[in-house]
Amino acid sequence: MLLSNLAFAQKRVAAPELAPFAGTWEYTENNQTFRIELKLGTLAMSGVTVDVLEGRLIYSANKKVVQNTLDSPKPNITNGILADKSTSVNKVQFFFHDAVKGKNGDGFLEFVPGTNDKLLWTLNNREIVSSGETVDYGFSVPVKATLRKLK
Amino acid sequence: MKPRSLTIMSVIFGCCLIIFACRKEINNALHNRSEPPSVMLEAAKIWYLQHVSTETSKQNGRLSPHWNDTWTVETTDNKTLMIVPASEHYVKDRSFNIRRFFIFTPDGRTIGDGRIVEFVGRNYNVDEDIDSLIKNYNQASIPGFSGSILQYDVNYSPLANSAYLQGYKQTDPNKVALFRSQRGKPPAETSVVMAKSCTPVFISYVNFPLNIKPECTYTFWEEVTTNSDGCVTSHTRTFISESCPNSGSGSGGSGSGSGSGSSNPDPPYGGGGQQQTPCQQAAALTTNAPFQASFTTLRNSTNLNFESGYIMQVNSTYTAIVGNANQPQIDVQVTAPINGFLHTHLVGHMPIFSGSDIKAINQLRVGGKIADINTFTMGVVTAAGTAYIIKVADPAQFTTFGTANFTTQAQFNAFEVSYQNNITVYSALSGTIAGHEKALLKVLESAGLQIFKGNNGFTEWKRLTLNQPTPSNMVTHTISETNCTVH
């Protein structure tokens with residue numbers, strides 16, 4: 001009976017360390033504006049709820065909007081969790097979907113050492129096992145940028 | 001008798017003696033064969049004794065190598081093979097012509113691989129072209145050959161087979177031909193359904209005797225055709241021979257080839273038992289010298305800034321490949337079907353197979369670049385210190401899974417989202433490595449694939465399975481590890 005109840009109970013994996021990452025962050029330079037809006041969310045699956053960071057973004061270059069997911073029903077920055085909780089609470093890893101290129105990537109957000117209002121944004125390709133076809137290694141948003149906190 | 005005549009007769013007699021004594025050398029010279037160095041022959045004998053299993057041989061019948069007639073041959077891709085003949089067997093249907101050999105692949109001063117290979121010609125004279133067949137037995141084309149090449153381990157358990165039509169290896173699933181024999185029971189008259197959505201297909205029996213005796217062994221040619229969905233569309237068994245205890249039929253008599261032909265306990269063609277399970281195949285890799293060497297090299301390459309890999313070619317060689325620098329990328333561009341693919345995952349990347357890895361297996365399948373889906377191997381060694389191989393346990397199920405998940409980029413993206421969500425949740429519960437293992441097992445639970453985890457020296461492989469007690473809750477999910485053994 002007890003085991004049965006335990007199995008049905010919803011387990012919560014909290015991550016209060018993610019709170020400092022929430023907010024609006026922006027990078028502006030050379031006619032480019034890259035803004036991301038991060039908030040705390042949850043990922044719930046089969047009896048477990050995990051705290052995660054998720055977000056949306058807008059990126060403009062030369063006065064043209066390249067990608068804007070701010071109003072999208074689904075975030076395209078998802079699964080944000082601490083990259084390695086045992087060594088640092090200043091770095092988050094996340095799963096990224098490039099809505100323009102239709103491809104996925106792996107990203108990191110890390111506080112610039114000694115600050116709490118500057119984040120280093122890094123975007124990497126996920127593994128690509130190709131078989132002769134042309135591979136697009138690029139993303140439609142910056143792969144590296146230092147973002148400042150707006151609010 | 002005149003002294004002159006006596007001299008001539010003595011000379012002729014002497015010549016005959018010389019020819020008789022040197023008949024093997026003459027035969028080898030005529031066929032461009034050469035005798036193996038004694039050290040290589042001894043290495044093969046030792047390898048054979050290390051790998052032959054009394055238990056399995058009892059079940060499948062032990063085929064004896066004729067070591068005294070061994071020769072070596074250079075294949076068309078410049079590889080040395082050691083060929084050891086075996087006894088041939090009676091074939092009733094003369095449209096089939098069959099020869100069988102042990103083929104050992106030397107690796108330096110040791111033996112890297114050994115197997116039984118059967119060459120089955122259908123309306124094709126295997127005897128006449130046996131040297132060409134042996135030199136090309138792992139090639140995608142063999143001039144003029146129509147038939148099958150069937151490979152078994154030294155215990156006569158099936159490893160792989162391939163069908164050729166007018167010289168070309170067939171990759172179209174509608175033309176795949178298999179050859180089997182059954183012992184101790186007659187061929188079952190059962191219908192075959194490869195997937196739930198397939199229409200049942202009844203086996204068609206050709207030329208079988210009316211009186212099927214349960215105590216006899218029936219050797220038959222089996223052909224199974226499938227459509228692109230993996231559904232069987234026809235299934236035919238053509239009778240080749242019958243072997244009954246104490247009846248005198250079976251081995252001996254007019255073998256189809258040039259084997260000993262004497263009465264002997266050697267089994268009929270077609271091996272026995274079932275094809276090695278994926279777990280048995282994984283266990284066999286622990287004694288596969290080229291695999292071990294390649295995987296060890298890869299283990300030492302995970303700290304580079306580019307991925308490394310090996311293509312496992314059908315001729316048992318391993319071709320090294322590398323990916324682009326500073327990208328988690330590798331290109332498995334192959335022009336001919338392959339046996340497998342091994343590669344690395346670099347620092348900061350997946351400690352197990354990526355979604356793209358699974359997609360790549362499907363791409364190779366769709367492109368006809370997998371030599372034998374039942375024995376195909378994909379392996380990965382990661383910077384996290386982990387090593388895994390993946391094998392296709394249910395080809396029809398994998399076809400369905402691959403079609404549903406990897407046909408379009410949108411499907412693949414959705415698969416990756418599902419995989420990543422599982423990674424996030426399972427890792428939060430179980431830590432990074434176990435979390436990734438559980439996530440992969442979860443997303444592949446209906447893929448027809450099996451995952452195996454290797455130890456540090458790749459001397460042991462364990463099959464991983466995800467236990468999901470009812471009622472389902474990810475908290476209670478655990479991983480079982482089952483040791484793989486060859487027998």
# chains A, B, ... in the order shown; residues from 1 in each chain; ligands from 1
$ closest_atom_pairs --of "chain A" --to "chain B" --cutoff "7 Å" --atoms "only C-alpha atoms" --output "tab-separated table"
residue	atom	partner	partner_atom	distance
A:Ala7	CA	B:Asn473	CA	6.0
A:Val13	CA	B:Ala428	CA	6.9
A:Ser46	CA	B:Asn473	CA	5.3
A:Gly47	CA	B:Asn473	CA	5.1
A:Val48	CA	B:Met474	CA	6.7
A:Val50	CA	B:Val425	CA	6.4
A:Asn79	CA	B:Thr424	CA	6.5
A:Lys103	CA	B:Asn413	CA	7.0
A:Asn104	CA	B:Asn413	CA	6.9
A:Asn125	CA	B:Pro328	CA	6.9
A:Arg126	CA	B:Pro328	CA	6.6
A:Glu127	CA	B:Pro328	CA	4.7
A:Ile128	CA	B:Gln329	CA	4.7
A:Val129	CA	B:Ile330	CA	5.2
A:Ser130	CA	B:Asp331	CA	4.6
A:Ser131	CA	B:Gln333	CA	4.3
A:Gly132	CA	B:Gln333	CA	4.9
$ residues_around --residues "Ala325 (chain B)" --least-positions-apart "6" --cutoff "9 Å" --atoms "only C-alpha atoms" --output "list in words"
Leu304, Asn305, Phe306 and Glu307 of chain B
$ select_by_dssp --residues "region 262-370 of chain B" --states "helix (DSSP H, G or I)" --output "PyMOL selection string"
chain B and resi 278-287+289-299+355-366
$ write_last_selection --atoms "C-alpha atoms" --output "JSON list (two decimals), in the first residue's frame"
[["chain", "number", "residue", "atom", "x", "y", "z"],
["B", 278, "PRO", "CA", 22.96, -9.50, -30.19],
["B", 279, "CYS", "CA", 24.30, -10.23, -26.69],
["B", 280, "GLN", "CA", 26.28, -13.21, -28.00],
["B", 281, "GLN", "CA", 27.60, -11.08, -30.83],
["B", 282, "ALA", "CA", 28.68, -8.44, -28.32],
["B", 283, "ALA", "CA", 30.47, -11.08, -26.26],
["B", 284, "ALA", "CA", 32.24, -12.33, -29.38],
["B", 285, "LEU", "CA", 33.72, -8.86, -29.87],
["B", 286, "THR", "CA", 35.83, -9.35, -26.75],
["B", 287, "THR", "CA", 38.03, -11.76, -28.72],
["B", 289, "ALA", "CA", 41.40, -8.45, -32.25],
["B", 290, "PRO", "CA", 40.72, -5.70, -34.85],
["B", 291, "PHE", "CA", 37.67, -4.53, -32.90],
["B", 292, "GLN", "CA", 39.61, -4.43, -29.66],
["B", 293, "ALA", "CA", 42.48, -2.52, -31.24],
["B", 294, "SER", "CA", 40.13, -0.01, -32.88],
["B", 295, "PHE", "CA", 38.08, 0.60, -29.77],
["B", 296, "THR", "CA", 41.23, 1.01, -27.69],
["B", 297, "THR", "CA", 42.57, 3.56, -30.15],
["B", 298, "LEU", "CA", 39.29, 5.45, -29.97],
["B", 299, "ARG", "CA", 39.34, 5.42, -26.18],
["B", 355, "GLY", "CA", 20.02, 11.10, -31.38],
["B", 356, "SER", "CA", 22.05, 11.61, -34.52],
["B", 357, "ASP", "CA", 23.78, 8.27, -33.96],
["B", 358, "ILE", "CA", 20.47, 6.44, -33.97],
["B", 359, "LYS", "CA", 19.35, 8.41, -37.00],
["B", 360, "ALA", "CA", 22.58, 7.45, -38.78],
["B", 361, "ILE", "CA", 21.82, 3.73, -38.40],
["B", 362, "ASN", "CA", 18.49, 4.35, -40.05],
["B", 363, "GLN", "CA", 20.11, 6.39, -42.84],
["B", 364, "LEU", "CA", 22.53, 3.56, -43.54],
["B", 365, "ARG", "CA", 19.62, 1.11, -43.56],
["B", 366, "VAL", "CA", 17.55, 3.19, -45.93]]
$ select_by_dssp --residues "region 79-132 of chain A" --states "strand (DSSP E)" --output "PyMOL selection string"
chain A and resi 79-82+91-98+103-111+118-125+128-130
$ residues_around --residues "Val392 (chain B)" --least-positions-apart "4" --cutoff "10 Å" --atoms "only C-alpha atoms" --output "list of chain:residue names"
B:Thr277, B:Pro278, B:Ile361, B:Asp372, B:Ile373, B:Asn374, B:Thr375, B:Phe376, B:Thr377, B:Met378, B:Ala396, B:Gln397, B:Phe398, B:Ala447, B:Gly448, B:Leu449, B:Gln450, B:Ile451
$ residues_around --residues "Lys144 (chain A)" --least-positions-apart "3" --cutoff "8 Å" --atoms "only C-alpha atoms" --output "list of chain:residue names"
A:Leu120, A:Trp121, A:Thr122, A:Leu123
$ write_last_selection --atoms "N, CA and C atoms" --output "short mmCIF file (atom, residue, chain, number, x, y, z; two decimals), in the first residue's frame"
data_model
loop_
_atom_site.label_atom_id
_atom_site.label_comp_id
_atom_site.auth_asym_id
_atom_site.auth_seq_id
_atom_site.Cartn_x
_atom_site.Cartn_y
_atom_site.Cartn_z
N LEU A 120 27.49 34.96 -20.11
CA LEU A 120 28.12 34.55 -21.37
C LEU A 120 27.25 33.48 -22.02
N TRP A 121 26.77 33.81 -23.20
CA TRP A 121 25.91 32.89 -23.97
C TRP A 121 26.78 32.11 -24.95
N THR A 122 26.69 30.79 -24.94
CA THR A 122 27.44 29.96 -25.89
C THR A 122 26.49 28.94 -26.50
N LEU A 123 26.59 28.78 -27.80
CA LEU A 123 25.73 27.84 -28.51
C LEU A 123 26.59 26.87 -29.33
#
